[in-house]
Each structure stands twice: as structure tokens, then as C-alpha cells.
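Novice: What follows is input-v9.txt; its format and atoms are compact mmCIF, C-alpha atoms and all ligand atoms.
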```txt
# COMPACT_ATOMS: atom_id res chain seq x y z
CA MET A 1 129.23 223.69 207.25
CA GLY A 2 127.40 225.33 210.16
CA TYR A 3 126.47 228.95 210.80
CA ARG A 4 126.33 230.77 214.14
CA ILE A 5 122.83 232.03 215.00
CA GLU A 6 122.36 234.57 217.79
CA ILE A 7 119.02 235.64 219.28
CA GLN A 8 119.45 239.29 220.14
CA GLU A 9 116.95 239.50 223.01
CA THR A 10 118.16 236.47 224.97
CA GLY A 11 121.78 236.31 223.86
CA GLU A 12 121.29 232.59 223.08
CA ILE A 13 123.62 231.17 220.44
CA PHE A 14 123.28 227.99 218.44
CA GLU A 15 124.52 226.52 215.19
CA ALA A 16 122.48 225.75 212.08
CA GLY A 17 123.77 223.29 209.51
CA ASP A 18 123.65 223.90 205.78
CA GLY A 19 120.77 221.57 205.11
CA GLU A 20 118.51 222.33 208.08
CA ALA A 21 115.91 225.01 208.75
CA VAL A 22 116.94 227.43 211.49
CA LEU A 23 113.96 226.38 213.64
CA ASP A 24 114.96 222.69 213.42
CA ALA A 25 118.49 223.62 214.45
CA ALA A 26 117.22 225.65 217.42
CA MET A 27 114.95 222.83 218.60
CA ARG A 28 117.69 220.24 218.20
CA GLN A 29 119.83 222.31 220.55
CA GLY A 30 117.06 223.00 223.08
CA ILE A 31 116.58 226.66 222.15
CA GLY A 32 112.98 227.86 222.22
CA LEU A 33 111.74 229.74 219.15
CA ARG A 34 108.03 230.37 218.69
CA HIS A 35 106.42 228.22 216.01
CA GLU A 36 103.15 226.48 215.19
CA CYS A 37 102.60 224.97 211.74
CA THR A 38 106.30 224.43 210.81
CA LEU A 39 105.11 224.59 207.18
CA GLY A 40 105.55 228.27 206.38
CA THR A 41 101.82 228.92 206.43
CA CYS A 42 100.99 230.52 209.81
CA GLY A 43 103.70 233.20 210.23
CA THR A 44 104.20 232.43 213.94
CA CYS A 45 107.95 231.87 213.55
CA ARG A 46 108.54 235.26 211.89
CA VAL A 47 111.67 237.07 213.14
CA ARG A 48 113.60 240.08 211.96
CA LEU A 49 117.06 239.43 210.49
CA LEU A 50 119.41 241.99 212.02
CA GLU A 51 122.49 240.49 210.42
CA GLY A 52 123.07 237.83 207.81
CA SER A 53 121.02 236.23 205.08
CA VAL A 54 118.81 233.19 204.51
CA ARG A 55 117.45 231.21 201.59
CA TYR A 56 114.28 229.15 201.12
CA ASP A 57 113.74 225.96 199.11
CA ASP A 58 110.31 227.41 198.26
CA VAL A 59 109.21 230.89 199.34
CA PRO A 60 106.81 230.21 202.26
CA PRO A 61 103.19 231.35 201.76
CA ALA A 62 103.12 233.29 205.06
CA LEU A 63 106.05 235.52 204.04
CA SER A 64 105.07 238.35 201.72
CA LYS A 65 107.53 239.97 199.33
CA ALA A 66 107.36 243.17 201.38
CA GLU A 67 108.17 241.26 204.59
CA ALA A 68 111.18 239.58 202.99
CA GLU A 69 112.37 242.94 201.60
CA GLN A 70 112.07 244.52 205.03
CA GLY A 71 114.26 241.85 206.59
CA PHE A 72 111.72 239.44 208.08
CA ALA A 73 112.24 235.69 207.81
CA LEU A 74 110.32 232.54 208.72
CA MET A 75 112.51 230.34 210.84
CA CYS A 76 110.69 227.08 210.08
CA GLN A 77 111.58 227.36 206.38
CA ALA A 78 114.71 229.56 206.30
CA HIS A 79 118.18 228.08 205.80
CA ALA A 80 121.04 230.29 206.92
CA THR A 81 123.53 231.26 204.22
CA SER A 82 125.74 233.17 206.67
CA ALA A 83 125.97 233.80 210.42
CA LEU A 84 122.72 235.39 211.66
CA VAL A 85 121.59 237.76 214.39
CA ILE A 86 117.81 237.54 214.72
CA SER A 87 115.33 239.57 216.72
CA THR A 88 112.14 238.15 218.22
CA ALA A 89 111.27 241.51 219.82
CA ARG A 90 107.77 241.90 218.38
CA THR A 91 106.42 238.79 220.05
CA LEU A 92 104.26 239.21 223.16
CA ALA A 93 105.27 237.76 226.51
CA THR A 94 103.87 234.36 227.48
CA VAL A 95 100.98 234.66 229.98
CA ALA A 96 100.82 230.95 230.81
CA GLU A 97 102.62 227.87 229.55
CA PRO A 98 100.34 225.63 227.48
CA SER A 99 99.09 222.47 229.17
CA ARG A 100 96.68 219.59 228.48
CA HIS A 101 93.21 219.58 230.09
CA ALA A 102 90.05 217.49 229.97
CA ALA A 103 87.65 220.29 229.05
CA VAL A 104 83.94 219.79 229.74
CA ILE A 105 81.44 220.91 227.13
CA LYS A 106 79.01 223.32 228.78
CA GLU A 107 77.12 224.31 225.64
CA VAL A 108 77.08 223.64 221.89
CA ARG A 109 74.50 225.60 219.89
CA PRO A 110 74.21 226.97 216.37
CA LEU A 111 74.99 230.65 215.80
CA THR A 112 74.25 230.35 212.06
CA SER A 113 73.70 227.40 209.72
CA GLU A 114 77.51 226.99 209.56
CA VAL A 115 78.87 228.25 212.88
CA LEU A 116 78.58 226.60 216.30
CA HIS A 117 78.97 228.32 219.62
CA LEU A 118 81.03 226.10 221.93
CA LYS A 119 81.42 226.84 225.62
CA LEU A 120 84.03 224.84 227.52
CA GLY A 121 84.76 224.53 231.21
CA ILE A 122 88.40 223.76 231.80
CA ALA A 123 88.71 221.24 234.61
CA GLY A 124 91.03 222.20 237.42
CA LEU A 125 91.09 225.89 236.51
CA ASP A 126 88.72 228.31 238.27
CA ALA A 127 89.73 231.16 236.01
CA PRO A 128 91.89 229.97 233.13
CA ASN A 129 94.73 232.36 232.36
CA TRP A 130 95.27 233.31 228.73
CA ARG A 131 95.64 236.33 226.46
CA PRO A 132 92.82 237.51 224.18
CA GLY A 133 93.90 236.46 220.68
CA GLN A 134 95.21 233.02 221.69
CA TYR A 135 93.80 229.63 220.72
CA MET A 136 93.50 226.02 221.91
CA ASN A 137 94.25 222.73 220.19
CA VAL A 138 91.69 219.94 220.44
CA HIS A 139 93.56 216.63 220.37
CA LEU A 140 91.76 213.83 218.55
CA PRO A 141 92.12 210.09 219.26
CA ASP A 142 93.99 209.60 215.95
CA GLY A 143 96.83 211.82 217.22
CA SER A 144 95.94 214.85 215.10
CA HIS A 145 94.71 218.17 216.47
CA ARG A 146 92.39 221.03 215.45
CA SER A 147 92.86 224.68 216.46
CA PHE A 148 90.17 227.12 217.64
CA SER A 149 90.59 230.65 218.96
CA MET A 150 89.09 231.89 222.20
CA ALA A 151 86.16 234.22 221.52
CA SER A 152 85.46 235.44 225.06
CA CYS A 153 87.67 237.18 227.64
CA PRO A 154 89.77 235.63 230.40
CA GLY A 155 88.53 235.89 233.98
CA SER A 156 85.66 233.39 233.95
CA ASP A 157 85.60 229.63 234.58
CA SER A 158 84.46 228.95 231.03
CA VAL A 159 85.73 229.85 227.58
CA ASP A 160 83.73 230.51 224.38
CA PHE A 161 84.62 229.45 220.83
CA HIS A 162 83.05 230.00 217.40
CA VAL A 163 83.51 226.88 215.33
CA ARG A 164 82.78 226.85 211.62
CA ARG A 165 81.35 223.52 210.59
CA ILE A 166 83.41 222.25 207.67
CA ALA A 167 81.32 219.91 205.50
CA GLY A 168 82.90 216.47 205.87
CA GLY A 169 85.31 217.77 208.52
CA ARG A 170 86.39 215.03 210.86
CA PHE A 171 86.11 217.14 213.98
CA THR A 172 83.71 220.03 213.31
CA ASP A 173 81.16 218.02 211.31
CA ALA A 174 81.54 214.38 212.29
CA ARG A 175 82.28 214.85 215.98
CA LEU A 176 81.54 218.25 217.52
CA ALA A 177 78.14 218.75 215.93
CA ALA A 178 76.92 215.57 217.66
CA MET A 179 78.48 216.28 221.07
CA ARG A 180 76.38 217.20 224.11
CA PRO A 181 76.99 219.12 227.37
CA GLY A 182 78.94 217.07 229.88
CA GLU A 183 81.10 215.34 227.27
CA ARG A 184 84.84 215.97 227.36
CA LEU A 185 87.46 217.19 224.92
CA ASP A 186 91.21 216.71 225.28
CA ILE A 187 92.59 220.22 224.78
CA GLU A 188 95.93 222.00 224.95
CA PHE A 189 95.81 225.65 225.86
CA PRO A 190 96.68 228.56 225.73
CA LEU A 191 98.63 228.73 222.47
CA GLY A 192 99.84 231.28 219.95
CA PRO A 193 101.55 234.66 219.79
CA PHE A 194 98.54 236.65 218.51
CA GLY A 195 97.27 239.38 220.82
CA LEU A 196 97.01 243.10 221.38
CA HIS A 197 100.26 245.05 221.43
CA LYS A 198 98.91 247.49 223.99
CA ALA A 199 102.20 249.32 224.40
CA ASP A 200 101.84 250.56 220.80
CA TYR A 201 99.21 253.26 221.19
CA ARG A 202 97.97 253.48 217.59
CA PRO A 203 94.56 253.63 215.96
CA LEU A 204 93.44 250.04 215.57
CA LEU A 205 92.35 248.46 212.32
CA MET A 206 90.89 245.00 212.87
CA VAL A 207 90.01 242.95 209.79
CA ALA A 208 88.42 239.49 209.99
CA THR A 209 86.74 237.01 207.72
CA GLY A 210 84.30 234.37 208.97
CA THR A 211 85.05 232.90 212.39
CA GLY A 212 88.33 234.84 212.26
CA ILE A 213 86.21 237.31 214.21
CA ALA A 214 86.59 235.13 217.35
CA PRO A 215 90.01 236.32 218.57
CA ILE A 216 89.27 239.86 217.35
CA LYS A 217 86.08 239.91 219.45
CA SER A 218 88.07 238.69 222.43
CA MET A 219 90.70 241.41 222.00
CA LEU A 220 88.12 244.16 221.53
CA GLU A 221 86.07 242.95 224.48
CA SER A 222 89.18 243.36 226.62
CA LEU A 223 89.23 247.05 225.60
CA LEU A 224 85.58 247.82 226.44
CA ASP A 225 85.22 250.89 228.70
CA ASP A 226 89.03 251.23 228.81
CA ASP A 227 90.06 254.91 229.03
CA GLU A 228 93.21 254.05 227.09
CA CYS A 229 91.39 252.46 224.16
CA PRO A 230 92.64 253.95 220.87
CA PRO A 231 90.23 254.65 218.00
CA VAL A 232 88.97 251.32 216.60
CA TRP A 233 87.89 250.36 213.07
CA LEU A 234 86.48 246.85 212.77
CA TYR A 235 85.84 245.30 209.33
CA TRP A 236 84.12 241.91 209.27
CA GLY A 237 83.80 240.03 205.98
CA MET A 238 81.02 237.49 205.60
CA ARG A 239 78.95 236.17 202.72
CA THR A 240 75.36 237.10 203.64
CA GLU A 241 73.56 239.18 206.23
CA ALA A 242 72.37 236.02 208.01
CA ASP A 243 76.04 235.13 208.64
CA LEU A 244 76.64 238.23 210.80
CA TYR A 245 76.06 236.44 214.08
CA LEU A 246 77.73 239.16 216.16
CA ASP A 247 76.13 242.12 214.43
CA GLU A 248 74.01 243.15 217.43
CA VAL A 249 76.87 242.65 219.85
CA PHE A 250 79.15 244.95 217.87
CA ARG A 251 76.45 247.58 217.39
CA SER A 252 75.90 247.56 221.17
CA TRP A 253 79.59 248.41 221.68
CA GLN A 254 79.14 251.95 220.27
CA GLY A 255 80.31 254.29 223.03
CA ARG A 256 82.19 251.53 224.87
CA LEU A 257 85.19 251.53 222.46
CA TYR A 258 86.76 254.86 221.54
CA GLU A 259 85.52 256.24 218.18
CA PHE A 260 84.35 252.75 217.29
CA GLN A 261 83.55 252.16 213.59
CA TYR A 262 82.04 248.78 212.83
CA VAL A 263 81.81 247.92 209.13
CA PRO A 264 80.32 244.58 208.03
CA VAL A 265 81.23 243.74 204.42
CA LEU A 266 79.29 241.11 202.50
CA SER A 267 80.52 239.24 199.43
CA ARG A 268 77.17 237.63 198.49
CA ALA A 269 74.57 240.04 199.85
CA ASP A 270 71.08 240.08 198.36
CA ALA A 271 69.56 243.19 196.85
CA SER A 272 68.12 244.40 200.17
CA TRP A 273 71.57 244.87 201.79
CA ARG A 274 72.33 248.57 202.22
CA GLY A 275 75.83 248.12 203.62
CA ARG A 276 79.25 247.49 202.09
CA ARG A 277 79.88 244.79 199.51
CA GLY A 278 82.95 243.01 198.16
CA HIS A 279 86.19 242.04 199.83
CA VAL A 280 86.73 243.18 203.37
CA GLN A 281 90.32 244.35 202.82
CA GLN A 282 89.26 246.53 199.88
CA ALA A 283 86.57 248.18 202.00
CA ALA A 284 89.14 248.99 204.67
CA ILE A 285 91.52 250.56 202.14
CA ALA A 286 88.72 252.58 200.57
CA ASP A 287 88.01 254.17 203.98
CA LEU A 288 91.59 254.32 205.27
CA PRO A 289 93.95 254.91 202.34
CA ASP A 290 96.87 255.89 204.61
CA LEU A 291 97.64 253.08 207.06
CA SER A 292 101.04 254.33 208.19
CA GLU A 293 99.86 255.11 211.73
CA HIS A 294 97.68 252.08 212.40
CA GLY A 295 98.13 248.98 214.48
CA ILE A 296 96.65 246.32 212.19
CA TYR A 297 95.28 242.91 213.18
CA LEU A 298 94.18 240.41 210.52
CA CYS A 299 92.46 237.14 211.24
CA GLY A 300 90.70 234.49 209.18
CA SER A 301 91.28 232.95 205.79
CA PRO A 302 94.89 232.68 204.61
CA ALA A 303 93.81 234.10 201.22
CA MET A 304 92.40 237.30 202.76
CA ILE A 305 95.47 237.67 204.96
CA ASP A 306 97.89 237.27 202.05
CA GLU A 307 96.08 239.81 199.94
CA ALA A 308 95.48 242.25 202.80
CA LYS A 309 99.13 242.17 203.89
CA ASN A 310 100.33 243.14 200.42
CA GLU A 311 97.65 245.78 199.85
CA PHE A 312 98.00 247.32 203.30
CA VAL A 313 101.78 247.59 202.98
CA ALA A 314 101.23 249.35 199.63
CA HIS A 315 99.05 251.82 201.61
CA GLY A 316 101.74 252.56 204.17
CA ALA A 317 101.15 249.84 206.78
CA GLN A 318 104.27 249.11 208.82
CA LEU A 319 105.04 245.43 209.14
CA ASP A 320 106.17 245.90 212.75
CA HIS A 321 102.59 246.93 213.52
CA LEU A 322 100.82 244.36 211.36
CA HIS A 323 99.81 241.22 213.22
CA VAL A 324 98.19 238.18 211.65
CA ASP A 325 96.45 234.99 212.72
CA ALA A 326 95.81 232.76 209.71
CA PHE A 327 93.23 229.98 210.08
CA THR A 328 95.25 227.42 208.15
CA PHE A 329 93.90 223.90 207.93
CA GLN A 330 95.47 221.32 210.18
CA GLN A 331 97.76 218.63 208.85
CA GLU A 332 97.84 215.03 209.86
CA SER A 333 100.34 214.54 212.64
C1 LIG A 401 95.56 229.12 214.96
C2 LIG A 401 94.24 228.69 214.36
C3 LIG A 401 93.06 229.10 214.95
C4 LIG A 401 91.84 228.72 214.40
N1 LIG A 401 90.70 229.17 215.00
C5 LIG A 401 89.50 228.83 214.47
C6 LIG A 401 88.28 229.31 215.07
O1 LIG A 401 88.28 230.02 216.07
N2 LIG A 401 87.11 228.94 214.50
C7 LIG A 401 87.06 228.14 213.37
O2 LIG A 401 85.96 227.86 212.88
N3 LIG A 401 88.20 227.68 212.78
C8 LIG A 401 89.40 227.99 213.31
N4 LIG A 401 90.55 227.52 212.73
C9 LIG A 401 90.43 226.60 211.56
C10 LIG A 401 90.10 225.20 212.09
O3 LIG A 401 91.17 224.72 212.87
C11 LIG A 401 89.81 224.22 210.92
O4 LIG A 401 88.71 224.66 210.22
C12 LIG A 401 89.53 222.83 211.53
O5 LIG A 401 90.74 222.26 211.82
C13 LIG A 401 88.68 221.93 210.66
O6 LIG A 401 88.72 220.65 211.27
P1 LIG A 401 87.85 219.43 210.74
O7 LIG A 401 88.38 218.20 211.41
O8 LIG A 401 86.41 219.70 210.90
O9 LIG A 401 88.18 219.38 209.19
P2 LIG A 401 89.21 218.37 208.47
O10 LIG A 401 88.69 216.97 208.54
O11 LIG A 401 90.58 218.61 209.01
O12 LIG A 401 89.15 218.90 206.97
C14 LIG A 401 88.15 218.47 206.05
C15 LIG A 401 88.38 219.18 204.72
O13 LIG A 401 88.05 220.56 204.85
C16 LIG A 401 89.18 221.39 204.56
N5 LIG A 401 89.19 222.45 205.58
C17 LIG A 401 89.56 222.33 206.89
N6 LIG A 401 89.41 223.52 207.55
C18 LIG A 401 88.95 224.39 206.63
C19 LIG A 401 88.63 225.79 206.69
N7 LIG A 401 88.77 226.51 207.84
N8 LIG A 401 88.19 226.37 205.54
C20 LIG A 401 88.05 225.66 204.38
N9 LIG A 401 88.35 224.34 204.28
C21 LIG A 401 88.81 223.71 205.38
C22 LIG A 401 90.40 220.47 204.70
O14 LIG A 401 91.46 220.90 203.86
C23 LIG A 401 89.85 219.13 204.25
O15 LIG A 401 89.83 219.03 202.85
C24 LIG A 401 91.79 227.89 213.25
C25 LIG A 401 92.99 227.46 212.67
C26 LIG A 401 94.19 227.85 213.21
C27 LIG A 401 95.47 227.37 212.58
S1 LIG A 402 105.80 227.92 212.18
FE1 LIG A 402 106.78 228.90 210.54
S2 LIG A 402 105.18 229.70 209.38
FE2 LIG A 402 104.15 228.51 210.86
```
Would you put the structure from the file into C-alpha cells?
Ligand SMILES: Cc1cc2nc3c(=O)[nH]c(=O)nc-3n(C[C@H](O)[C@H](O)[C@H](O)COP(=O)(O)OP(=O)(O)OC[C@H]3O[C@@H](n4cnc5c(N)ncnc54)[C@H](O)[C@@H]3O)c2cc1C
Ligand code: FES
Specialist:
Amino acid sequence: MGYRIEIQETGEIFEAGDGEAVLDAAMRQGIGLRHECTLGTCGTCRVRLLEGSVRYDDVPPALSKAEAEQGFALMCQAHATSALVISTARTLATVAEPSRHAAVIKEVRPLTSEVLHLKLGIAGLDAPNWRPGQYMNVHLPDGSHRSFSMASCPGSDSVDFHVRRIAGGRFTDARLAAMRPGERLDIEFPLGPFGLHKADYRPLLMVATGTGIAPIKSMLESLLDDDECPPVWLYWGMRTEADLYLDEVFRSWQGRLYEFQYVPVLSRADASWRGRRGHVQQAAIADLPDLSEHGIYLCGSPAMIDEAKNEFVAHGAQLDHLHVDAFTFQQES
């Protein structure tokens, strides 16, 4: 038995069979729905169910209880149990279609003992067009790919990345750490729905762990000296003070972002640290117990994002204004 699925914004209609995920059905029929991991872990395929109901074989990790209760569903894992009308309204417009490039390494240097700064020139593009918050995929010879978010702003002929070196990682440890300027990477870019929802003028709460700061830095950099910048709180969770490789940069942004509050939070600080300690999401809630008016952006470890989503919703956050970019690990393709 098949069910009729309608996308409210485009009016497109397709049919999903009993045993197939709605995303698979859409793709089979040539209908474009945003997706990335197809495993229920990234949240990219989240839509709002306006009519109808779905079921999951296993509740996907990227869908919180609050999201499900408020009518959101993940199309890569959801099976329709009735006709559906879905809304994709909260996704940002595409700035450029993704395409493959032979990117040239302009610089690889350590930012900390674990994080590399990578600067790429993208051949054939004088000023690559992308949205702060998006990422690229590096394609490896074995057919798999690895994702990394842009850390700089569009408008230049090169793009910056912050790459955490994963011990034993096939790309970040075995390959990238040994690469030199002039060598090439096969990349696909720009990708992903993450980005600033500028039309929603709300105080901004940005929360990142680790190199999850990369797309957040890019988004905030795009707001520097902007008269329409809303108040900004930035919480950055790291382990030790030595890990805070952008500390000086963020401190230098005082006065360039409206009412900018930058709060580094360390989970393994030594006794000399005078700043905040613990989990970054808890520090944000301690300072901002009512999140009902905020535009919230979370980026970094899936564990932080899961916990923060649930806690922030319990403190009034509205899911329509809560945007996430989870750094899930890549699967073999
Ligand atoms: C949309 C998106 C954007 C991302 N942006 C960034 C970014 O800007 N900067 C960045 O540093 N990372 C980012 N990541 C995470 C990054 O893609 C992975 O860390 C990377 O794929 C590791 O590749 P590897 O070949 O070195 O490790 P692999 O060989 O794939 O993995 C080796 C081992 O390490 C584990 N592992 C892999 N990644 C991680 C991780 N992040 N944390 C803990 N364990 C891990 C694997 O499960 C495996 O056991 C992003 C991920 C996504 C999905
Ligand atoms: S594509 Fe559905 S959660 Fe990632």
C-alpha cells in the first residue's frame, strides 16, 4: 500500500510505499528533499508534519522527543502510516549547487596539538560562492568522504578549515597531517543547510564544542560591523585553556558584534583557570534560563547537541529557531 506525500512549499506530490523511508521514496521519484547522512544522525532531513503520521523502526538519534512531539520528522528514517503533508519551510535557500573541484592546499599548520588550520584554493573559482555555516566533502581514493565546515567568510579566493586530528583517522591523521602546500584534494562543495536565519531577528545564542566553532566563527564573522546584528552570546566548550585557539580573535570582536558576550567553558581546566568550567550547554542555561526569544545555533559533538536540544527546549527554546550541525563521523560508502 502506498501513501500520498505532498510538499507544501513546492506542491510536489509523490507516493511512499509501506516499507520504504519517505526520503527513499522521494529520491526514487526524482523529488529533491534535503539530506546528508541518511542514517538519522545529522538532522538535515528534518521537516514539519502538517498532516498525517509516521513511524520509525528505531527512533533516530537526531530527533529529540520534544521535536517528535512538536510534529517534526526525519525523512530518511520515517515511514508514512497515512497520507502526509510536509513543510520544508525552515530550510535556507541554496546559494550555489554543490560541485566537485580539485582544491589546492595553500597552507596546513597546527593551531593546537590536535587541530590543523587548512587553507584551500578552489581551482576555477576566483571567489567561491557559499553560505557561512556550510561544509565541504573531501573525497578519498577509496570512495569514502570526510566532511569539514568552512571557518572563514565567502568573498576570497581561498577558504579556511579547522580540522581536528583524529588519532588513527584515515584522512585527518594518516593523510592530511603529511600533506604540503601545492598538493590537491578532491572536494565537493558547498554542502549543507546550516546557516544564519537572518530574517529571524532574535538574540543569538551560539554554542559550539571543539572544531564545531568553525561554522559558528564563519557565521559570526559575516555579522561583524553589521548594524542589524542582534545581541550575540557565544559559548565555546573545550577541554583546556591551550585548546582555545580562537580566544584572541573572539576577544578582539568586542564592539564589532552587538552586545557580544564570549564565554569559553573548559571541561578539564587546571587550577589557574578563572573562567567557566563544566559542560558548555549548562553554562549557557545558567546565564540564560529563558531561551524563548533566542535564535539558537548548536555545532559540534552529537552528544552535546542531543543534550543541549533537550535542555534548551525545557528552558523555552523554540524548535523552529533551533538550528544544529552535528559533526557525526563518516561512514564507509
Ligand atoms: C557536516 C559535518 C561537518 C564537519 N566539520 C568538521 C570540521 O569543520 N572540523 C573537524 O575537525 N571535523 C568536522 N567534522 C567531523 C569530521 O568529518 C570527522 O572527524 C572526520 O571524518 C574524521 O576523518 P578521519 O578519516 O580522520 O577518521 P576515520 O578514519 O573516519 O575515523 C577513525 C576513528 O575515529 C572515529 N572518529 C571519526 N571522527 C571523529 C570525531 N570527530 N570525534 C571522535 N571520533 C571520531 C571513528 O569513529 C573511527 O573509529 C564534520 C562532520 C560533519 C558530518
Ligand atoms: S539525512 Fe536524515 S538525519 Fe541525516
Novice: Contacts between ligand LIG 401 (chain A) and chain A, please, where a residue of chain A counts if it comes within 8 Å (with all atoms listed in the file); show its shortest atom pair and distance in Å to one decimal, rows by chain and ascending number, as a tab-separated table.
Specialist:
```
residue	atom	partner	partner_atom	distance
A:Cys37	CA	A:LIG401	C27	7.6
A:Cys42	CA	A:LIG401	C27	6.9
A:Val115	CA	A:LIG401	O2	7.1
A:Gln134	CA	A:LIG401	C1	7.8
A:Tyr135	CA	A:LIG401	C3	5.8
A:Met136	CA	A:LIG401	C3	7.6
A:His145	CA	A:LIG401	O5	7.4
A:Arg146	CA	A:LIG401	O5	4.2
A:Ser147	CA	A:LIG401	O3	4.0
A:Phe148	CA	A:LIG401	N1	3.4
A:Ser149	CA	A:LIG401	O1	3.8
A:Met150	CA	A:LIG401	O1	6.5
A:Ala151	CA	A:LIG401	O1	7.2
A:Phe161	CA	A:LIG401	O1	6.0
A:His162	CA	A:LIG401	N2	5.1
A:Val163	CA	A:LIG401	O2	3.6
A:Arg164	CA	A:LIG401	O2	3.6
A:Arg165	CA	A:LIG401	O8	6.3
A:Ile166	CA	A:LIG401	O8	5.1
A:Ala167	CA	A:LIG401	O13	6.8
A:Gly168	CA	A:LIG401	C14	5.6
A:Gly169	CA	A:LIG401	O8	3.3
A:Arg170	CA	A:LIG401	O7	3.8
A:Phe171	CA	A:LIG401	O7	3.6
A:Thr172	CA	A:LIG401	O8	3.6
A:Asp173	CA	A:LIG401	O8	5.5
A:Ala174	CA	A:LIG401	O8	7.3
A:Gly192	CA	A:LIG401	C1	6.9
A:Gly210	CA	A:LIG401	O2	7.8
A:Thr211	CA	A:LIG401	N2	4.9
A:Gly212	CA	A:LIG401	O1	6.1
A:Ile213	CA	A:LIG401	O1	7.8
A:Ala214	CA	A:LIG401	O1	5.5
A:Pro215	CA	A:LIG401	O1	7.0
A:Gly300	CA	A:LIG401	C8	7.8
A:Ser301	CA	A:LIG401	N7	7.2
A:Asp325	CA	A:LIG401	C1	6.3
A:Ala326	CA	A:LIG401	C27	6.1
A:Phe327	CA	A:LIG401	C25	3.6
A:Thr328	CA	A:LIG401	C27	4.4
A:Phe329	CA	A:LIG401	N6	4.5
A:Gln330	CA	A:LIG401	O5	5.1
A:Gln331	CA	A:LIG401	O11	7.2
```
Novice: Between A:Cys153, A:Val324, A:Met75, A:Val22, single out the one closest to ligand LIG 402 (chain A), counting all atoms listed in the file.
Specialist: A:Met75
Novice: Report, as AutoDock Vina command-line options, the centre and edge lengths in Å (one decimal) of the axis-aligned box enclosing every listed atom of range 240-258 of chain A, padded by 8 Å on each side.
Specialist:
```
--center_x 79.6 --center_y 245.0 --center_z 214.3 --size_x 30.4 --size_y 35.7 --size_z 37.2
```
Novice: Rank A:Glu12, A:Glu114, A:Glu6, A:Asp24 by their smallest atom-to-atom distance to ligand LIG 402 (chain A), using all atoms listed in the file, and report the top residue only.
Specialist: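 Nearest to ligand LIG 402 (chain A): A:Asp24.
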Novice: How would you report the residues lying within 8 Å of ligand LIG 402 (chain A), as a list in words, if you count only C-alpha atoms and all ligand atoms?
Specialist: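 For ligand LIG 402 (chain A), the residues inside 8 Å are Arg34, His35, Glu36, Cys37, Thr38, Leu39, Gly40, Thr41, Cys42, Gly43, Thr44, Cys45, Arg46, Pro60, Ala62, Leu63, Leu74, Met75, Cys76 and Gln77 of chain A.
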Novice: Around the point (113.8, 233.0, 205.9), in the coordinates given by the file, pick out the residues reaching within 12 Å, counting all atoms listed in the file, and return them as a PyMOL selection string.
Specialist: chain A and resi 20-23+40+43+45-49+52-65+67-82+84+86
Novice: Any chance you can output those residues with C-alpha atoms as a PDB file, in the coordinates of the input?
Specialist:
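again-v7.pdb was written with the following content:
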```
ATOM      1  CA  GLU A  20     118.510 222.330 208.080  1.00  0.00           C
ATOM      2  CA  ALA A  21     115.910 225.010 208.750  1.00  0.00           C
ATOM      3  CA  VAL A  22     116.940 227.430 211.490  1.00  0.00           C
ATOM      4  CA  LEU A  23     113.960 226.380 213.640  1.00  0.00           C
ATOM      5  CA  GLY A  40     105.550 228.270 206.380  1.00  0.00           C
ATOM      6  CA  GLY A  43     103.700 233.200 210.230  1.00  0.00           C
ATOM      7  CA  CYS A  45     107.950 231.870 213.550  1.00  0.00           C
ATOM      8  CA  ARG A  46     108.540 235.260 211.890  1.00  0.00           C
ATOM      9  CA  VAL A  47     111.670 237.070 213.140  1.00  0.00           C
ATOM     10  CA  ARG A  48     113.600 240.080 211.960  1.00  0.00           C
ATOM     11  CA  LEU A  49     117.060 239.430 210.490  1.00  0.00           C
ATOM     12  CA  GLY A  52     123.070 237.830 207.810  1.00  0.00           C
ATOM     13  CA  SER A  53     121.020 236.230 205.080  1.00  0.00           C
ATOM     14  CA  VAL A  54     118.810 233.190 204.510  1.00  0.00           C
ATOM     15  CA  ARG A  55     117.450 231.210 201.590  1.00  0.00           C
ATOM     16  CA  TYR A  56     114.280 229.150 201.120  1.00  0.00           C
ATOM     17  CA  ASP A  57     113.740 225.960 199.110  1.00  0.00           C
ATOM     18  CA  ASP A  58     110.310 227.410 198.260  1.00  0.00           C
ATOM     19  CA  VAL A  59     109.210 230.890 199.340  1.00  0.00           C
ATOM     20  CA  PRO A  60     106.810 230.210 202.260  1.00  0.00           C
ATOM     21  CA  PRO A  61     103.190 231.350 201.760  1.00  0.00           C
ATOM     22  CA  ALA A  62     103.120 233.290 205.060  1.00  0.00           C
ATOM     23  CA  LEU A  63     106.050 235.520 204.040  1.00  0.00           C
ATOM     24  CA  SER A  64     105.070 238.350 201.720  1.00  0.00           C
ATOM     25  CA  LYS A  65     107.530 239.970 199.330  1.00  0.00           C
ATOM     26  CA  GLU A  67     108.170 241.260 204.590  1.00  0.00           C
ATOM     27  CA  ALA A  68     111.180 239.580 202.990  1.00  0.00           C
ATOM     28  CA  GLU A  69     112.370 242.940 201.600  1.00  0.00           C
ATOM     29  CA  GLN A  70     112.070 244.520 205.030  1.00  0.00           C
ATOM     30  CA  GLY A  71     114.260 241.850 206.590  1.00  0.00           C
ATOM     31  CA  PHE A  72     111.720 239.440 208.080  1.00  0.00           C
ATOM     32  CA  ALA A  73     112.240 235.690 207.810  1.00  0.00           C
ATOM     33  CA  LEU A  74     110.320 232.540 208.720  1.00  0.00           C
ATOM     34  CA  MET A  75     112.510 230.340 210.840  1.00  0.00           C
ATOM     35  CA  CYS A  76     110.690 227.080 210.080  1.00  0.00           C
ATOM     36  CA  GLN A  77     111.580 227.360 206.380  1.00  0.00           C
ATOM     37  CA  ALA A  78     114.710 229.560 206.300  1.00  0.00           C
ATOM     38  CA  HIS A  79     118.180 228.080 205.800  1.00  0.00           C
ATOM     39  CA  ALA A  80     121.040 230.290 206.920  1.00  0.00           C
ATOM     40  CA  THR A  81     123.530 231.260 204.220  1.00  0.00           C
ATOM     41  CA  SER A  82     125.740 233.170 206.670  1.00  0.00           C
ATOM     42  CA  LEU A  84     122.720 235.390 211.660  1.00  0.00           C
ATOM     43  CA  ILE A  86     117.810 237.540 214.720  1.00  0.00           C
TER      44      ILE A  86
END
```
Novice: My list of candidates is A:Tyr262, A:Trp253, A:Phe194, A:Trp273. Which is closest to Arg239 in chain A when distances are computed with only C-alpha atoms?
Specialist: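 Looking only at the distances to Arg239 in chain A, the closest residue turns out to be A:Trp273.
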Novice: Counting only C-alpha atoms, which of A:Ala283, A:Ser272, A:Trp130, A:Gly143 gets nearest to Ser222 in chain A?
Specialist: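 Closest to Ser222 in chain A of all the choices is A:Trp130.
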Novice: So how far away is CA of Ala284 in chain A from CA of Thr88 in chain A, in Å?
Specialist: 28.8 Å
Novice: For a cut-off of 12 Å around (97.3, 231.1, 227.4), file coordinates, pick out all residues using only C-alpha atoms and list them as an NGL selection string.
Specialist: :A and (92-100 or 127-137 or 149-150 or 153-155 or 159 or 188-195)
